[in-house]
Amino acid sequence: MRTFLSVCFISLFSAIPAFADHGYDDAYRGYVGAAYRHLATAYNCRALIGRSHFEDARVAAENSLRLSGLPTDIALRSVEKMLEKIRRDEKTEQRLSFAQCATKSATTQAELQTREKKLQSQRKFTKRIAGDDLPSDAPRYEPDP
């Protein structure tokens with residue numbers, strides 16, 4: 001019985017970081033998805049709401065990809081591929097009015113900001129879980145700047 005409980009506790013404590021990583025992955029995928037939806041909305045509505053909104057959405061999409069650790073050049077190419085898909089899909093979508101564009105743009109931007117905050121909180125949780133694995137007197141690794 002004691003062995004069974006020991007195995008259960010060890011399994012539980014080793015699974016906590018795995019759940020944290022899964023939560024971070026889900027948060028990151030949601031963030032990139034929100035960046036894509038915001039980019040698509042800004043692209044499709046750029047004539048109505050302004051090109052600067054499109055450029056801001058493009059930078060947000062690039063940043064969402066670079067956050068995963070992708071090099072800048074790969075993130076830029078990935079955003080270009082996103083835009084190619086958006087351009088292909090644009091032909092099948094209906095045109096939106098100014099009011100619809102403004103509403104949809106504000107909604108997708110709010111979703112992007114919410115997803116970014118969720119990702120940041122998940123990252124703090126993951127760091128806290130990983131940092132708690134070491135005893136308090138153990139030296140911690142600090143990367144050189």
# chains A, B, ... in the order shown; residues from 1 in each chain; ligands from 1

$ residues_around --residues "Ala106 (chain A)" --least-positions-apart "6" --cutoff "12 Å" --atoms "only C-alpha atoms" --output "NGL selection string"
:A and (37-39 or 41-42 or 45 or 49 or 53 or 57 or 99-100 or 112-113)

$ write_last_selection --atoms "all heavy atoms" --output "short mmCIF file (atom, residue, chain, number, x, y, z; two decimals), in the first residue's frame"
data_model
loop_
_atom_site.label_atom_id
_atom_site.label_comp_id
_atom_site.auth_asym_id
_atom_site.auth_seq_id
_atom_site.Cartn_x
_atom_site.Cartn_y
_atom_site.Cartn_z
N ARG A 37 -6.79 35.81 -36.93
CA ARG A 37 -8.13 36.37 -37.16
C ARG A 37 -8.10 37.89 -37.21
O ARG A 37 -8.78 38.51 -38.04
CB ARG A 37 -9.10 35.87 -36.09
CG ARG A 37 -9.47 34.40 -36.25
CD ARG A 37 -10.53 33.97 -35.25
NE ARG A 37 -10.05 33.94 -33.88
CZ ARG A 37 -9.34 32.94 -33.35
NH1 ARG A 37 -9.02 31.90 -34.09
NH2 ARG A 37 -8.94 32.99 -32.09
N HIS A 38 -7.29 38.50 -36.35
CA HIS A 38 -7.19 39.96 -36.35
C HIS A 38 -6.52 40.45 -37.64
O HIS A 38 -6.95 41.44 -38.23
CB HIS A 38 -6.42 40.43 -35.12
CG HIS A 38 -6.33 41.91 -34.99
ND1 HIS A 38 -7.45 42.72 -34.93
CD2 HIS A 38 -5.28 42.75 -34.93
CE1 HIS A 38 -7.08 43.98 -34.83
NE2 HIS A 38 -5.76 44.02 -34.83
N LEU A 39 -5.49 39.72 -38.07
CA LEU A 39 -4.82 40.07 -39.33
C LEU A 39 -5.78 39.95 -40.51
O LEU A 39 -5.82 40.83 -41.38
CB LEU A 39 -3.59 39.17 -39.54
CG LEU A 39 -2.79 39.39 -40.81
CD1 LEU A 39 -2.15 40.77 -40.82
CD2 LEU A 39 -1.71 38.31 -40.94
N THR A 41 -9.06 40.15 -40.49
CA THR A 41 -10.06 41.23 -40.41
C THR A 41 -9.46 42.56 -40.86
O THR A 41 -10.06 43.29 -41.65
CB THR A 41 -10.60 41.36 -38.98
OG1 THR A 41 -11.21 40.12 -38.61
CG2 THR A 41 -11.61 42.48 -38.86
N ALA A 42 -8.27 42.86 -40.37
CA ALA A 42 -7.62 44.12 -40.73
C ALA A 42 -7.29 44.17 -42.22
O ALA A 42 -7.43 45.22 -42.85
CB ALA A 42 -6.36 44.32 -39.90
N CYS A 45 -10.55 44.66 -44.21
CA CYS A 45 -11.19 45.96 -43.94
C CYS A 45 -10.22 47.13 -44.07
O CYS A 45 -10.55 48.25 -43.68
CB CYS A 45 -11.79 45.95 -42.53
SG CYS A 45 -13.16 44.80 -42.31
N ILE A 49 -11.07 50.87 -42.65
CA ILE A 49 -10.62 51.30 -41.33
C ILE A 49 -9.20 51.86 -41.34
O ILE A 49 -8.73 52.36 -40.32
CB ILE A 49 -10.73 50.16 -40.29
CG1 ILE A 49 -9.85 48.98 -40.68
CG2 ILE A 49 -12.16 49.75 -40.09
CD1 ILE A 49 -9.80 47.88 -39.64
N HIS A 53 -4.14 50.23 -39.29
CA HIS A 53 -4.69 49.12 -38.51
C HIS A 53 -4.19 47.78 -39.06
O HIS A 53 -3.89 46.86 -38.30
CB HIS A 53 -6.22 49.14 -38.51
CG HIS A 53 -6.80 50.26 -37.71
ND1 HIS A 53 -6.79 50.27 -36.34
CD2 HIS A 53 -7.39 51.41 -38.10
CE1 HIS A 53 -7.37 51.37 -35.91
NE2 HIS A 53 -7.73 52.09 -36.96
N ALA A 57 -1.84 45.05 -37.11
CA ALA A 57 -2.23 43.64 -37.02
C ALA A 57 -1.13 42.75 -37.57
O ALA A 57 -0.89 41.66 -37.04
CB ALA A 57 -3.54 43.41 -37.77
N ALA A 99 -19.29 49.88 -40.47
CA ALA A 99 -19.69 49.55 -39.09
C ALA A 99 -19.32 48.11 -38.75
O ALA A 99 -18.82 47.83 -37.65
CB ALA A 99 -21.18 49.77 -38.90
N GLN A 100 -19.54 47.20 -39.68
CA GLN A 100 -19.18 45.80 -39.45
C GLN A 100 -17.67 45.64 -39.31
O GLN A 100 -17.19 44.90 -38.45
CB GLN A 100 -19.69 44.92 -40.59
CG GLN A 100 -21.20 44.77 -40.64
CD GLN A 100 -21.65 44.09 -41.92
OE1 GLN A 100 -21.10 44.32 -42.99
NE2 GLN A 100 -22.69 43.26 -41.80
N LEU A 112 -7.35 39.32 -29.16
CA LEU A 112 -5.90 39.19 -29.22
C LEU A 112 -5.27 39.64 -27.90
O LEU A 112 -4.39 38.96 -27.36
CB LEU A 112 -5.35 40.01 -30.39
CG LEU A 112 -3.85 40.00 -30.58
CD1 LEU A 112 -3.35 38.60 -30.89
CD2 LEU A 112 -3.46 40.97 -31.69
N GLN A 113 -5.73 40.76 -27.37
CA GLN A 113 -5.19 41.25 -26.10
C GLN A 113 -5.51 40.31 -24.94
O GLN A 113 -4.66 40.06 -24.08
CB GLN A 113 -5.71 42.66 -25.82
CG GLN A 113 -5.16 43.68 -26.77
CD GLN A 113 -5.87 45.02 -26.68
OE1 GLN A 113 -6.92 45.14 -26.07
NE2 GLN A 113 -5.28 46.04 -27.29
#

$ select_by_dssp --residues "region 19-137 of chain A" --states "helix (DSSP H, G or I)" --output "PyMOL selection string"
chain A and resi 19-44+46-49+51-66+72-90+98-131

$ closest_residue --among "A:Lys118, A:Arg29, A:Lys104, A:Arg77" --to "Ser64 (chain A)" --atoms "only C-alpha atoms"
A:Arg29

$ residues_around --residues "Leu119 (chain A)" --least-positions-apart "3" --cutoff "8 Å" --atoms "only C-alpha atoms" --output "PDB file with C-alpha atoms, in the first residue's frame"
ATOM      1  CA  TYR A  24       0.945  26.994 -22.254  1.00  0.00           C
ATOM      2  CA  ALA A  27      -2.644  29.440 -24.683  1.00  0.00           C
ATOM      3  CA  TYR A  28       0.009  29.983 -27.364  1.00  0.00           C
ATOM      4  CA  TYR A  31      -2.868  33.616 -29.202  1.00  0.00           C
ATOM      5  CA  ARG A 115      -5.213  35.842 -25.371  1.00  0.00           C
ATOM      6  CA  GLU A 116      -1.901  37.639 -24.889  1.00  0.00           C
ATOM      7  CA  GLN A 122       0.347  30.844 -18.244  1.00  0.00           C
ATOM      8  CA  ARG A 123       4.040  31.546 -18.817  1.00  0.00           C
TER       9      ARG A 123
END

$ closest_residue --among "A:Ala102, A:Ala47, A:Ala110, A:Val32" --to "Asn63 (chain A)" --atoms "only C-alpha atoms"
A:Val32

$ closest_residue --among "A:Tyr43, A:Thr92, A:Leu83, A:Leu67" --to "Gln120 (chain A)" --atoms "only C-alpha atoms"
A:Leu67

$ closest_residue --among "A:Arg87, A:His22, A:Lys124, A:Lys81" --to "Glu62 (chain A)" --atoms "only C-alpha atoms"
A:Lys81

$ atom_distance --atom1 "CA of Leu96 (chain A)" --atom2 "CA of Arg46 (chain A)"
11.0 Å

$ atom_distance --atom1 "CA of Ile74 (chain A)" --atom2 "CA of Val59 (chain A)"
13.7 Å

$ atom_distance --atom1 "CA of Arg88 (chain A)" --atom2 "CA of Asp25 (chain A)"
28.2 Å

$ closest_residue --among "A:Asp89, A:Ala60, A:Thr114, A:Gly50" --to "Ala35 (chain A)" --atoms "only C-alpha atoms"
A:Ala60
